[in-house]
$ cat target.cif   # mmCIF, C-alpha atoms and all ligand atoms
data_entry
loop_
_atom_site.label_atom_id
_atom_site.label_comp_id
_atom_site.auth_asym_id
_atom_site.auth_seq_id
_atom_site.Cartn_x
_atom_site.Cartn_y
_atom_site.Cartn_z
CA MET A 1 48.60 -93.10 165.38
CA LEU A 2 45.42 -93.31 167.35
CA VAL A 3 47.02 -91.58 170.30
CA ARG A 4 48.30 -88.84 168.10
CA ARG A 5 44.86 -88.31 166.59
CA ARG A 6 43.26 -88.05 170.01
CA HIS A 7 45.86 -85.58 170.97
CA PHE A 8 45.20 -83.58 167.87
CA LEU A 9 41.47 -83.45 168.48
CA ALA A 10 41.80 -82.65 172.15
CA GLY A 11 44.27 -79.94 171.24
CA SER A 12 42.00 -78.22 168.83
CA VAL A 13 39.04 -78.26 171.18
CA GLY A 14 41.19 -76.97 174.04
CA VAL A 15 42.54 -74.09 172.05
CA GLY A 16 39.05 -73.09 170.96
CA ALA A 17 37.80 -73.06 174.53
CA ALA A 18 40.85 -71.26 175.87
CA SER A 19 40.64 -68.60 173.24
CA VAL A 20 37.16 -67.72 174.38
CA LEU A 21 38.47 -67.16 177.86
CA GLY A 22 41.36 -64.89 177.04
CA LEU A 23 44.72 -64.50 175.50
CA GLU A 24 46.68 -67.05 177.53
CA LEU A 25 47.81 -68.73 174.38
CA ALA A 26 49.19 -65.62 172.78
CA GLY A 27 52.82 -65.90 173.74
CA CYS A 28 53.16 -69.56 174.55
CA GLY A 29 54.76 -70.47 171.26
CA GLN A 30 51.88 -72.77 170.54
CA SER A 31 52.90 -74.97 167.60
CA GLY A 32 53.71 -72.12 165.26
CA PRO A 33 54.02 -72.20 161.52
CA SER A 34 57.19 -74.27 161.51
CA ASN A 35 55.84 -77.62 162.68
CA GLU A 36 52.14 -77.55 161.81
CA TRP A 37 49.93 -75.99 159.19
CA MET A 38 47.79 -73.77 161.36
CA VAL A 39 44.40 -73.13 159.82
CA GLY A 40 41.66 -71.01 161.38
CA ALA A 41 37.98 -71.87 161.07
CA PHE A 42 35.29 -69.37 162.07
CA LEU A 43 31.84 -70.87 162.35
CA SER A 44 28.45 -70.52 164.03
CA LEU A 45 29.04 -73.20 166.68
CA THR A 46 26.36 -71.69 168.93
CA GLY A 47 23.45 -69.28 168.39
CA GLY A 48 20.65 -69.26 165.85
CA ASP A 49 22.44 -71.17 163.08
CA ALA A 50 24.42 -73.53 165.30
CA GLN A 51 23.55 -76.55 163.18
CA PHE A 52 25.33 -74.93 160.22
CA GLY A 53 28.54 -74.48 162.17
CA ILE A 54 28.52 -77.82 163.99
CA ASP A 55 27.93 -79.86 160.84
CA THR A 56 30.64 -77.95 158.98
CA GLN A 57 33.06 -78.48 161.85
CA GLN A 58 32.39 -82.24 161.74
CA GLY A 59 33.17 -82.32 158.04
CA ILE A 60 36.40 -80.36 158.53
CA GLN A 61 37.45 -82.65 161.39
CA ILE A 62 37.04 -85.78 159.29
CA ALA A 63 39.13 -84.22 156.52
CA VAL A 64 41.89 -83.22 158.93
CA GLU A 65 41.98 -86.65 160.54
CA GLN A 66 42.35 -88.28 157.13
CA ILE A 67 45.01 -85.81 156.01
CA ASN A 68 47.05 -86.33 159.17
CA GLU A 69 46.62 -90.09 159.22
CA ALA A 70 48.04 -90.11 155.73
CA GLY A 71 51.14 -88.29 156.96
CA GLY A 72 50.05 -84.67 156.80
CA ILE A 73 51.07 -82.20 154.12
CA LYS A 74 54.73 -81.80 153.18
CA ASN A 75 55.56 -83.69 156.38
CA LYS A 76 53.63 -81.35 158.62
CA LYS A 77 50.30 -82.04 160.30
CA MET A 78 47.35 -79.79 159.62
CA LYS A 79 45.75 -78.27 162.67
CA VAL A 80 42.47 -76.38 162.64
CA LEU A 81 41.65 -73.87 165.35
CA PHE A 82 37.90 -73.37 165.62
CA GLU A 83 36.39 -70.06 166.67
CA ASP A 84 32.70 -69.63 167.43
CA ASP A 85 31.13 -66.44 166.07
CA LYS A 86 27.85 -67.30 167.84
CA SER A 87 25.91 -66.84 164.57
CA LEU A 88 26.51 -63.08 164.79
CA PRO A 89 28.01 -61.08 161.91
CA ASN A 90 29.36 -58.60 164.51
CA GLU A 91 31.51 -61.27 166.15
CA VAL A 92 33.20 -62.31 162.94
CA THR A 93 35.69 -59.48 162.54
CA ASN A 94 37.19 -60.04 165.99
CA LYS A 95 37.36 -63.79 165.66
CA VAL A 96 39.07 -63.64 162.28
CA GLN A 97 41.52 -61.01 163.51
CA GLN A 98 42.39 -63.21 166.48
CA LEU A 99 43.00 -66.22 164.30
CA ILE A 100 45.31 -64.22 162.06
CA ASP A 101 47.14 -61.99 164.55
CA ARG A 102 47.28 -64.20 167.61
CA ASP A 103 47.28 -67.71 166.17
CA LYS A 104 49.18 -66.88 162.96
CA VAL A 105 47.04 -69.09 160.76
CA VAL A 106 48.18 -69.55 157.17
CA ALA A 107 44.63 -69.86 155.85
CA LEU A 108 41.00 -69.57 156.93
CA LEU A 109 37.91 -71.73 156.51
CA GLY A 110 34.47 -70.16 157.03
CA GLU A 111 31.75 -69.16 157.26
CA VAL A 112 28.49 -70.80 156.22
CA ALA A 113 26.12 -67.81 156.13
CA SER A 114 27.01 -65.26 153.47
CA SER A 115 26.27 -62.39 155.87
CA ARG A 116 29.13 -63.63 158.07
CA SER A 117 31.54 -64.75 155.36
CA LYS A 118 31.53 -61.26 153.88
CA PRO A 119 32.91 -59.44 156.97
CA GLY A 120 35.32 -62.35 157.50
CA GLY A 121 36.51 -62.00 153.93
CA ILE A 122 37.12 -58.29 154.37
CA VAL A 123 39.53 -58.98 157.26
CA ALA A 124 41.20 -61.86 155.37
CA SER A 125 41.76 -59.52 152.41
CA GLN A 126 43.18 -56.72 154.54
CA LYS A 127 45.55 -59.12 156.25
CA LYS A 128 46.35 -61.05 153.06
CA ILE A 129 45.40 -64.49 154.36
CA PRO A 130 43.57 -66.84 151.98
CA MET A 131 40.05 -67.81 152.99
CA ILE A 132 37.80 -70.52 151.61
CA THR A 133 34.12 -70.44 152.45
CA PRO A 134 32.69 -73.93 152.29
CA SER A 135 29.11 -72.92 151.58
CA SER A 136 28.42 -69.18 151.30
CA THR A 137 26.68 -68.75 147.99
CA ASN A 138 25.92 -65.01 147.73
CA ALA A 139 27.81 -63.33 144.88
CA ASP A 140 29.21 -60.53 147.09
CA VAL A 141 31.25 -62.86 149.29
CA THR A 142 34.12 -63.50 146.89
CA LYS A 143 33.93 -60.02 145.40
CA VAL A 144 35.57 -58.58 148.52
CA GLY A 145 39.00 -59.38 147.18
CA GLU A 146 41.51 -61.75 145.69
CA TRP A 147 42.11 -63.63 148.95
CA VAL A 148 38.58 -64.98 149.21
CA PHE A 149 37.42 -68.21 147.54
CA ARG A 150 34.50 -70.58 147.73
CA VAL A 151 34.13 -74.29 146.98
CA CYS A 152 30.36 -74.03 146.58
CA PHE A 153 28.28 -72.73 143.68
CA VAL A 154 27.00 -69.14 143.46
CA ASP A 155 23.37 -68.02 143.91
CA GLU A 156 23.12 -66.81 140.34
CA PHE A 157 23.34 -70.47 139.41
CA GLN A 158 21.27 -71.73 142.34
CA GLY A 159 18.46 -69.24 141.64
CA ARG A 160 18.45 -70.24 137.99
CA VAL A 161 18.23 -73.94 138.75
CA GLY A 162 15.46 -73.29 141.32
CA ALA A 163 13.46 -71.27 138.79
CA GLU A 164 13.96 -73.78 135.99
CA PHE A 165 12.94 -76.55 138.34
CA CYS A 166 9.66 -74.80 139.20
CA VAL A 167 8.76 -73.84 135.64
CA LYS A 168 10.24 -76.58 133.49
CA THR A 169 10.37 -79.61 135.74
CA LEU A 170 7.31 -79.08 137.91
CA GLY A 171 5.50 -77.27 135.10
CA LYS A 172 4.25 -74.46 137.41
CA LYS A 173 3.88 -70.88 136.26
CA LYS A 174 2.07 -69.15 139.13
CA ILE A 175 4.66 -68.71 141.80
CA GLY A 176 4.68 -67.26 145.32
CA LEU A 177 7.91 -65.91 146.82
CA MET A 178 8.72 -65.62 150.55
CA PHE A 179 12.08 -64.33 151.77
CA ALA A 180 13.98 -62.40 154.45
CA GLU A 181 14.73 -59.06 152.84
CA ASN A 182 17.41 -57.97 155.33
CA ASP A 183 19.49 -61.12 154.84
CA LEU A 184 22.16 -61.11 152.13
CA TYR A 185 21.65 -64.74 151.16
CA SER A 186 17.86 -64.80 151.23
CA SER A 187 17.28 -61.56 149.32
CA GLY A 188 20.09 -62.29 146.85
CA LEU A 189 18.73 -65.70 145.98
CA ALA A 190 15.15 -64.39 145.75
CA ASN A 191 16.30 -61.77 143.23
CA GLU A 192 18.18 -64.25 141.06
CA PHE A 193 15.15 -66.53 141.10
CA LYS A 194 12.79 -63.71 140.13
CA LYS A 195 14.94 -62.74 137.14
CA VAL A 196 14.84 -66.22 135.71
CA ILE A 197 11.13 -66.71 136.38
CA ALA A 198 10.45 -63.63 134.26
CA GLU A 199 12.76 -64.97 131.55
CA LEU A 200 10.86 -68.27 131.51
CA GLY A 201 7.45 -66.64 131.27
CA GLY A 202 6.40 -67.49 134.81
CA GLU A 203 4.58 -65.08 137.10
CA ILE A 204 5.28 -64.12 140.72
CA VAL A 205 1.66 -63.93 141.90
CA LYS A 206 2.58 -62.82 145.43
CA GLU A 207 5.75 -61.73 147.16
CA ALA A 208 6.10 -61.75 150.96
CA LYS A 209 9.11 -60.02 152.51
CA PHE A 210 9.99 -60.06 156.21
CA THR A 211 13.09 -59.82 158.38
CA ASP A 212 15.31 -62.73 159.32
CA SER A 213 14.00 -62.61 162.88
CA GLU A 214 10.33 -62.96 161.94
CA THR A 215 8.54 -65.98 163.42
CA ASN A 216 4.90 -65.21 162.72
CA PHE A 217 4.05 -65.81 159.08
CA SER A 218 0.29 -66.29 159.31
CA THR A 219 -0.69 -63.03 157.63
CA PHE A 220 1.83 -63.58 154.84
CA ILE A 221 0.54 -67.12 154.36
CA ASN A 222 -3.07 -66.03 154.20
CA GLU A 223 -2.20 -63.42 151.58
CA MET A 224 -0.22 -66.06 149.72
CA LYS A 225 -3.15 -68.46 149.76
CA ALA A 226 -5.46 -65.79 148.43
CA ALA A 227 -3.17 -65.38 145.39
CA SER A 228 -3.32 -69.16 144.69
CA PRO A 229 0.29 -69.88 143.77
CA GLU A 230 1.01 -73.35 142.42
CA VAL A 231 4.38 -73.37 144.12
CA ILE A 232 6.01 -71.15 146.78
CA TYR A 233 9.76 -70.46 146.55
CA ALA A 234 11.14 -69.78 150.03
CA PRO A 235 14.90 -69.16 150.03
CA VAL A 236 15.22 -68.78 153.82
CA TYR A 237 17.27 -70.61 156.46
CA TYR A 238 15.90 -73.76 158.09
CA LYS A 239 14.68 -72.11 161.32
CA GLN A 240 12.27 -69.80 159.53
CA MET A 241 11.26 -72.50 157.09
CA VAL A 242 10.15 -74.84 159.87
CA GLN A 243 7.93 -72.13 161.36
CA MET A 244 6.60 -71.07 158.00
CA ASN A 245 5.76 -74.63 157.04
CA ARG A 246 3.91 -75.32 160.30
CA GLN A 247 1.84 -72.18 159.86
CA ALA A 248 1.18 -73.02 156.21
CA ILE A 249 -0.11 -76.45 157.23
CA ASN A 250 -2.39 -74.81 159.80
CA ALA A 251 -3.72 -72.65 156.98
CA GLY A 252 -4.53 -75.75 154.93
CA LEU A 253 -1.51 -75.90 152.58
CA THR A 254 0.76 -78.92 152.21
CA SER A 255 4.56 -78.93 152.47
CA ASP A 256 5.04 -80.08 148.90
CA ILE A 257 4.02 -76.60 147.67
CA PHE A 258 7.40 -75.30 148.91
CA VAL A 259 10.64 -75.15 146.94
CA GLY A 260 13.77 -73.82 148.64
CA GLY A 261 17.52 -73.37 148.45
CA ASP A 262 20.51 -74.74 150.36
CA GLY A 263 19.53 -72.72 153.45
CA TRP A 264 17.09 -75.51 154.32
CA SER A 265 19.94 -77.95 154.67
CA GLY A 266 21.04 -79.85 157.70
CA ASP A 267 18.02 -79.62 159.97
CA GLU A 268 16.39 -82.85 161.11
CA VAL A 269 13.12 -81.19 162.15
CA LEU A 270 12.72 -79.61 158.73
CA LEU A 271 13.39 -82.93 157.03
CA LYS A 272 10.91 -84.71 159.28
CA GLU A 273 8.15 -82.18 158.78
CA MET A 274 8.46 -81.23 155.12
CA THR A 275 7.98 -84.44 153.17
CA GLY A 276 7.47 -83.83 149.49
CA ALA A 277 9.10 -80.40 149.36
CA HIS A 278 12.07 -79.80 147.03
CA PHE A 279 15.23 -77.76 147.39
CA THR A 280 18.53 -77.15 145.66
CA ASP A 281 21.60 -78.26 147.55
CA HIS A 282 25.32 -78.99 147.42
CA HIS A 283 25.14 -82.69 148.02
CA ALA A 284 22.81 -85.57 148.76
CA PRO A 285 23.94 -88.67 150.65
CA ASP A 286 22.54 -91.02 147.99
CA ILE A 287 24.60 -89.59 145.11
CA PRO A 288 26.37 -92.58 143.52
CA TRP A 289 29.77 -90.86 143.30
CA ASP A 290 32.51 -92.94 144.87
CA VAL A 291 34.14 -90.01 146.67
CA SER A 292 30.77 -89.20 148.22
CA LYS A 293 29.96 -92.80 149.13
CA LYS A 294 33.22 -93.10 151.03
CA PHE A 295 32.65 -89.88 152.93
CA VAL A 296 29.06 -90.78 153.78
CA ALA A 297 30.22 -94.13 155.19
CA VAL A 298 32.93 -92.55 157.37
CA TYR A 299 30.60 -89.81 158.59
CA GLU A 300 27.81 -92.26 159.37
CA GLY A 301 30.20 -94.54 161.25
CA LYS A 302 31.23 -91.65 163.41
CA HIS A 303 28.05 -89.66 163.93
CA LYS A 304 25.35 -92.35 163.43
CA LYS A 305 23.42 -90.25 160.94
CA LYS A 306 23.78 -89.20 157.32
CA PRO A 307 25.93 -86.12 156.71
CA SER A 308 24.19 -82.90 155.80
CA SER A 309 25.50 -80.99 152.81
CA LEU A 310 27.17 -78.63 155.28
CA ALA A 311 29.34 -81.47 156.55
CA ALA A 312 30.14 -82.43 152.96
CA MET A 313 31.13 -78.84 152.16
CA GLY A 314 33.27 -78.50 155.29
CA TYR A 315 35.07 -81.65 154.24
CA ASP A 316 35.55 -80.43 150.66
CA ALA A 317 36.78 -77.00 151.75
CA ALA A 318 39.41 -78.50 154.05
CA LEU A 319 40.58 -80.92 151.37
CA VAL A 320 40.79 -78.26 148.67
CA LEU A 321 42.88 -76.20 151.07
CA ALA A 322 45.13 -79.15 151.91
CA ASP A 323 45.58 -79.86 148.21
CA ALA A 324 46.55 -76.23 147.62
CA ILE A 325 49.04 -76.24 150.49
CA LYS A 326 50.59 -79.33 148.94
CA ARG A 327 50.84 -77.73 145.50
CA ALA A 328 51.92 -74.29 146.71
CA LYS A 329 55.24 -73.17 145.26
CA GLU A 330 55.92 -71.13 148.38
CA ASP A 331 54.85 -72.17 151.87
CA THR A 332 53.32 -68.79 152.61
CA PRO A 333 49.76 -67.45 152.66
CA LYS A 334 50.47 -65.92 149.22
CA GLY A 335 51.77 -69.21 147.85
CA ILE A 336 48.72 -71.02 149.23
CA ARG A 337 46.41 -68.35 147.80
CA ASP A 338 47.89 -68.77 144.33
CA ALA A 339 47.58 -72.55 144.53
CA ILE A 340 43.91 -72.37 145.59
CA ALA A 341 43.29 -70.14 142.57
CA GLU A 342 44.71 -72.88 140.34
CA THR A 343 42.45 -75.65 141.65
CA LYS A 344 41.11 -77.68 138.73
CA ASN A 345 38.87 -80.74 138.73
CA PHE A 346 39.36 -81.47 142.38
CA PRO A 347 37.22 -84.54 143.15
CA GLY A 348 35.20 -83.30 146.13
CA VAL A 349 32.36 -85.09 147.86
CA SER A 350 30.07 -82.51 146.26
CA GLY A 351 31.50 -83.08 142.77
CA MET A 352 34.43 -81.89 140.69
CA ILE A 353 35.54 -78.47 141.88
CA THR A 354 37.27 -75.99 139.60
CA ILE A 355 38.05 -72.50 140.87
CA ASP A 356 37.37 -69.87 138.22
CA ALA A 357 38.84 -66.42 137.64
CA ASP A 358 36.33 -64.87 140.06
CA ARG A 359 37.42 -67.30 142.80
CA ASN A 360 34.10 -69.10 142.63
CA ALA A 361 33.66 -72.83 142.13
CA GLN A 362 32.43 -74.24 138.87
CA LYS A 363 30.65 -77.42 139.88
CA PRO A 364 27.31 -79.20 139.93
CA ILE A 365 24.19 -78.50 141.97
CA VAL A 366 21.74 -81.09 143.22
CA VAL A 367 17.93 -80.88 143.34
CA VAL A 368 16.58 -82.98 146.19
CA GLN A 369 13.18 -83.99 147.46
CA ILE A 370 12.47 -84.55 151.15
CA LYS A 371 11.50 -88.13 151.88
CA ASP A 372 11.49 -90.26 155.05
CA GLY A 373 13.23 -87.60 157.13
CA SER A 374 16.08 -87.39 154.64
CA THR A 375 16.71 -86.18 151.11
CA ALA A 376 16.76 -88.06 147.84
CA TYR A 377 18.36 -86.46 144.84
CA LYS A 378 16.10 -85.87 141.87
CA ALA A 379 18.50 -84.29 139.45
CA VAL A 380 21.99 -82.90 139.18
CA HIS A 381 22.83 -79.92 136.97
CA GLY A 382 25.81 -77.93 135.86
CA PRO A 383 29.52 -78.38 135.17
CA GLY A 384 30.74 -81.86 135.98
CA SER A 385 27.34 -83.27 136.91
CA GLU A 386 27.82 -86.34 134.74
CA ALA A 387 30.97 -87.21 136.65
CA LEU A 388 29.05 -87.00 139.91
CA LEU A 389 26.65 -89.62 138.64
CA GLY A 390 29.18 -91.72 136.81
CA GLY A 391 30.48 -93.74 139.76
CA ALA A 392 29.66 -97.39 140.35
CA GLY A 393 25.91 -97.90 140.47
CA ALA A 394 25.17 -94.69 138.59
CA GLN A 395 21.48 -93.90 138.25
CA PRO A 396 19.70 -93.24 134.97
CA THR A 397 19.76 -89.59 136.03
CA ALA A 398 23.05 -89.34 134.18
CA THR A 399 21.19 -88.69 130.95
CA ALA A 400 19.46 -85.68 132.46
CA SER A 401 22.67 -83.91 133.11
CA ALA A 402 24.84 -85.08 130.27
CA ALA A 403 25.06 -81.61 128.76
CA ALA A 404 28.60 -82.38 127.70
CA PRO A 405 31.14 -85.16 128.16
CA PRO A 406 33.24 -84.71 131.31
CA ALA A 407 36.30 -83.32 129.55
CA THR A 408 34.35 -80.59 127.79
CA ALA A 409 32.39 -79.74 130.88
CA SER A 410 35.44 -79.24 133.01
CA ALA A 411 37.34 -77.43 130.30
CA SER A 412 34.57 -74.90 129.86
CA ALA A 413 34.16 -74.61 133.60
CA ALA A 414 37.82 -73.84 133.98
CA SER A 415 37.98 -71.18 131.35
CA SER A 416 34.86 -69.16 131.97
CA ALA A 417 32.63 -68.14 134.83
CA ALA A 418 28.89 -67.70 135.13
CA PRO A 419 27.82 -68.08 131.49
CA SER A 420 29.09 -71.63 131.18
CA ALA A 421 27.20 -72.60 134.31
CA SER A 422 23.92 -71.23 133.10
CA ALA A 423 24.37 -72.69 129.66
CA ALA A 424 24.90 -76.11 131.20
CA VAL A 425 21.79 -75.71 133.28
CA SER A 426 19.53 -74.66 130.46
CA ALA A 427 20.74 -77.59 128.47
CA SER A 428 20.09 -80.06 131.22
CA ALA A 429 17.15 -78.81 133.23
CA ALA A 430 14.21 -79.93 131.15
CA PRO A 431 14.33 -83.71 131.42
CA ALA A 432 15.12 -83.69 135.12
CA THR A 433 11.86 -85.10 136.38
CA SER A 434 11.85 -88.13 134.16
CA ALA A 435 15.30 -88.95 135.40
CA ALA A 436 14.41 -88.94 139.06
CA PRO A 437 15.31 -92.13 140.88
CA LYS A 438 12.38 -93.52 142.80
N1 LIG B 501 24.34 -70.72 151.15
C1 LIG B 501 23.96 -70.16 152.43
C2 LIG B 501 24.48 -68.72 152.49
O1 LIG B 501 25.19 -68.32 151.65
C3 LIG B 501 24.47 -70.93 153.58
C4 LIG B 501 24.14 -72.38 153.64
C5 LIG B 501 24.85 -73.32 152.90
C6 LIG B 501 23.14 -72.84 154.43
C7 LIG B 501 24.54 -74.66 152.94
C8 LIG B 501 22.83 -74.17 154.48
C9 LIG B 501 23.53 -75.09 153.71
O2 LIG B 501 24.21 -67.98 153.39
#
$ encode --input "target.cif" --output "structure tokens" --more "lines below"
Ligand code: PHE
Amino acid sequence: MLVRRRHFLAGSVGVGAASVLGLELAGCGQSGPSNEWMVGAFLSLTGGDAQFGIDTQQGIQIAVEQINEAGGIKNKKMKVLFEDDKSLPNEVTNKVQQLIDRDKVVALLGEVASSRSKPGGIVASQKKIPMITPSSTNADVTKVGEWVFRVCFVDEFQGRVGAEFCVKTLGKKKIGLMFAENDLYSSGLANEFKKVIAELGGEIVKEAKFTDSETNFSTFINEMKAASPEVIYAPVYYKQMVQMNRQAINAGLTSDIFVGGDGWSGDEVLLKEMTGAHFTDHHAPDIPWDVSKKFVAVYEGKHKKKPSSLAAMGYDAALVLADAIKRAKEDTPKGIRDAIAETKNFPGVSGMITIDADRNAQKPIVVVQIKDGSTAYKAVHGPGSEALLGGAGAQPTATASAAAPPATASASAASSAAPSASAAVSASAAPATSAAPK
């Protein structure tokens, strides 16, 4: 079994490397749909967001190893071919086309960044191959067509929880906003956040917009300071956040003024340097949910560090796909697509996952605080959050999120889309702080 696993891993790495070099594999009858489930993953394995892709790949690899060690799916092993899009949206179309046309994958996993999942989803839709993005949260991603799914929450929900956290939990009303206006994720999340802040009677005292390649934030920070916000919401990716935080500290601010979104996830430097800051995320390693505890232990054993939420989402996406392949009435991309659409209460590391009619996941979101170079969860909100906290050793936080008993929560999640998520949040957001584990 061990030998076979090594072979599997070596095989997948080899194919990835060879595919970068050329088309040698095209006609060599490489596995083929008859003896393996060929799945394509397109990720940012190098380039500006490499940490996103690498962590996700590690999560997917653990899932595939477990699936294959348990005998595979319908007596066939699952094999994932990884393609590196170098963190560039322009690379995605080609890579996804190659995976479909050359490698004949039956399904796709990817990407992390919404700006890359969207072009990938367009190709998947044209070619009628199901795609699951582990962690792209922008609304547009799944709107491209009926072949594109996600196992993460949507930014409408994330922005709402971020805004409610600032106003209701932290009790702050004067808010600064800093975001990358040319990035789909950053600008989308900033807009959702702004809407809810207005609804809650908060005020955006200063808004700073820049591009996703900006590295010098000093002028923006000085203007921010002059407006005296009590909290600054910065839905940007980790690279920009690290720079922004360093420059804010130079200007006399402290990191705990910042609140962010899942784009901060997975970066050790950010976690080391931003003690006290809060952000919304998909997962936290200290969640007392058995499924999560098991995954965290396996990941830690292998990589000698705690998994980021990207690794957790890669793992969940691969397992949701494997579950769909198993349930599919027909062993075709269409059969797999239909089975993904029917996913209900799948116990992922990041919580119970139910795919709704818009191909989005109804599931919980976590609010974490940065502490000791890692994250500690402060609250969990949304559909199924009580289940996430109900495992052995559950924290008192359960009361904060018990908007509804598990059955009701999942039933409403299954039958309706966005409104049920926001209702659950409003019901559960207020007492979050008191429920925070120390
Ligand atoms: N949600 C981000 C996006 O849609 C990607 C992301 C997910 C980044 C998780 C970090 C962690 O672009």
$ residues_around --input "target.cif" --residues "stretch 236-251 of chain A" --least-positions-apart "2" --cutoff "10 Å" --atoms "all atoms listed in the file" --output "PDB file with C-alpha atoms, keeping the file's coordinate frame"
ATOM      1  CA  GLY A  48      20.650 -69.260 165.850  1.00  0.00           C
ATOM      2  CA  ASP A  49      22.440 -71.170 163.080  1.00  0.00           C
ATOM      3  CA  GLN A  51      23.550 -76.550 163.180  1.00  0.00           C
ATOM      4  CA  PHE A  52      25.330 -74.930 160.220  1.00  0.00           C
ATOM      5  CA  ALA A 113      26.120 -67.810 156.130  1.00  0.00           C
ATOM      6  CA  MET A 178       8.720 -65.620 150.550  1.00  0.00           C
ATOM      7  CA  PHE A 179      12.080 -64.330 151.770  1.00  0.00           C
ATOM      8  CA  ALA A 180      13.980 -62.400 154.450  1.00  0.00           C
ATOM      9  CA  GLU A 181      14.730 -59.060 152.840  1.00  0.00           C
ATOM     10  CA  ASP A 183      19.490 -61.120 154.840  1.00  0.00           C
ATOM     11  CA  TYR A 185      21.650 -64.740 151.160  1.00  0.00           C
ATOM     12  CA  SER A 186      17.860 -64.800 151.230  1.00  0.00           C
ATOM     13  CA  SER A 187      17.280 -61.560 149.320  1.00  0.00           C
ATOM     14  CA  LEU A 189      18.730 -65.700 145.980  1.00  0.00           C
ATOM     15  CA  ALA A 190      15.150 -64.390 145.750  1.00  0.00           C
ATOM     16  CA  ASP A 212      15.310 -62.730 159.320  1.00  0.00           C
ATOM     17  CA  SER A 213      14.000 -62.610 162.880  1.00  0.00           C
ATOM     18  CA  GLU A 214      10.330 -62.960 161.940  1.00  0.00           C
ATOM     19  CA  THR A 215       8.540 -65.980 163.420  1.00  0.00           C
ATOM     20  CA  ASN A 216       4.900 -65.210 162.720  1.00  0.00           C
ATOM     21  CA  PHE A 217       4.050 -65.810 159.080  1.00  0.00           C
ATOM     22  CA  SER A 218       0.290 -66.290 159.310  1.00  0.00           C
ATOM     23  CA  THR A 219      -0.690 -63.030 157.630  1.00  0.00           C
ATOM     24  CA  PHE A 220       1.830 -63.580 154.840  1.00  0.00           C
ATOM     25  CA  ILE A 221       0.540 -67.120 154.360  1.00  0.00           C
ATOM     26  CA  ASN A 222      -3.070 -66.030 154.200  1.00  0.00           C
ATOM     27  CA  MET A 224      -0.220 -66.060 149.720  1.00  0.00           C
ATOM     28  CA  LYS A 225      -3.150 -68.460 149.760  1.00  0.00           C
ATOM     29  CA  TYR A 233       9.760 -70.460 146.550  1.00  0.00           C
ATOM     30  CA  ALA A 234      11.140 -69.780 150.030  1.00  0.00           C
ATOM     31  CA  LEU A 253      -1.510 -75.900 152.580  1.00  0.00           C
ATOM     32  CA  THR A 254       0.760 -78.920 152.210  1.00  0.00           C
ATOM     33  CA  SER A 255       4.560 -78.930 152.470  1.00  0.00           C
ATOM     34  CA  ASP A 256       5.040 -80.080 148.900  1.00  0.00           C
ATOM     35  CA  ILE A 257       4.020 -76.600 147.670  1.00  0.00           C
ATOM     36  CA  PHE A 258       7.400 -75.300 148.910  1.00  0.00           C
ATOM     37  CA  GLY A 260      13.770 -73.820 148.640  1.00  0.00           C
ATOM     38  CA  GLY A 261      17.520 -73.370 148.450  1.00  0.00           C
ATOM     39  CA  ASP A 262      20.510 -74.740 150.360  1.00  0.00           C
ATOM     40  CA  GLY A 263      19.530 -72.720 153.450  1.00  0.00           C
ATOM     41  CA  TRP A 264      17.090 -75.510 154.320  1.00  0.00           C
ATOM     42  CA  SER A 265      19.940 -77.950 154.670  1.00  0.00           C
ATOM     43  CA  GLY A 266      21.040 -79.850 157.700  1.00  0.00           C
ATOM     44  CA  ASP A 267      18.020 -79.620 159.970  1.00  0.00           C
ATOM     45  CA  GLU A 268      16.390 -82.850 161.110  1.00  0.00           C
ATOM     46  CA  VAL A 269      13.120 -81.190 162.150  1.00  0.00           C
ATOM     47  CA  LEU A 270      12.720 -79.610 158.730  1.00  0.00           C
ATOM     48  CA  LEU A 271      13.390 -82.930 157.030  1.00  0.00           C
ATOM     49  CA  LYS A 272      10.910 -84.710 159.280  1.00  0.00           C
ATOM     50  CA  GLU A 273       8.150 -82.180 158.780  1.00  0.00           C
ATOM     51  CA  MET A 274       8.460 -81.230 155.120  1.00  0.00           C
TER      52      MET A 274
END
$ closest_residue --input "target.cif" --among "A:Gly373, A:Gly53, A:Gly59, A:Gly202" --to "ligand LIG 501 (chain B)" --atoms "only C-alpha atoms and all ligand atoms"
A:Gly53
$ residues_around --input "target.cif" --residues "A:Cys166" --least-positions-apart "5" --cutoff "8 Å" --atoms "only C-alpha atoms" --output "JSON, numbers by chain"
{"A": [171, 172, 173, 231, 259]}
$ residues_near_point --input "target.cif" --point "(20.8, -80.8, 148.7)" --cutoff "9 Å" --atoms "only C-alpha atoms" --output "short mmCIF file (atom, residue, chain, number, x, y, z; two decimals) with C-alpha atoms, in the coordinates of the input"
data_model
loop_
_atom_site.label_atom_id
_atom_site.label_comp_id
_atom_site.auth_asym_id
_atom_site.auth_seq_id
_atom_site.Cartn_x
_atom_site.Cartn_y
_atom_site.Cartn_z
CA GLY A 261 17.52 -73.37 148.45
CA ASP A 262 20.51 -74.74 150.36
CA TRP A 264 17.09 -75.51 154.32
CA SER A 265 19.94 -77.95 154.67
CA HIS A 278 12.07 -79.80 147.03
CA PHE A 279 15.23 -77.76 147.39
CA THR A 280 18.53 -77.15 145.66
CA ASP A 281 21.60 -78.26 147.55
CA HIS A 282 25.32 -78.99 147.42
CA HIS A 283 25.14 -82.69 148.02
CA ALA A 284 22.81 -85.57 148.76
CA PRO A 285 23.94 -88.67 150.65
CA SER A 308 24.19 -82.90 155.80
CA SER A 309 25.50 -80.99 152.81
CA ILE A 365 24.19 -78.50 141.97
CA VAL A 366 21.74 -81.09 143.22
CA VAL A 367 17.93 -80.88 143.34
CA VAL A 368 16.58 -82.98 146.19
CA GLN A 369 13.18 -83.99 147.46
CA THR A 375 16.71 -86.18 151.11
CA ALA A 376 16.76 -88.06 147.84
CA TYR A 377 18.36 -86.46 144.84
#
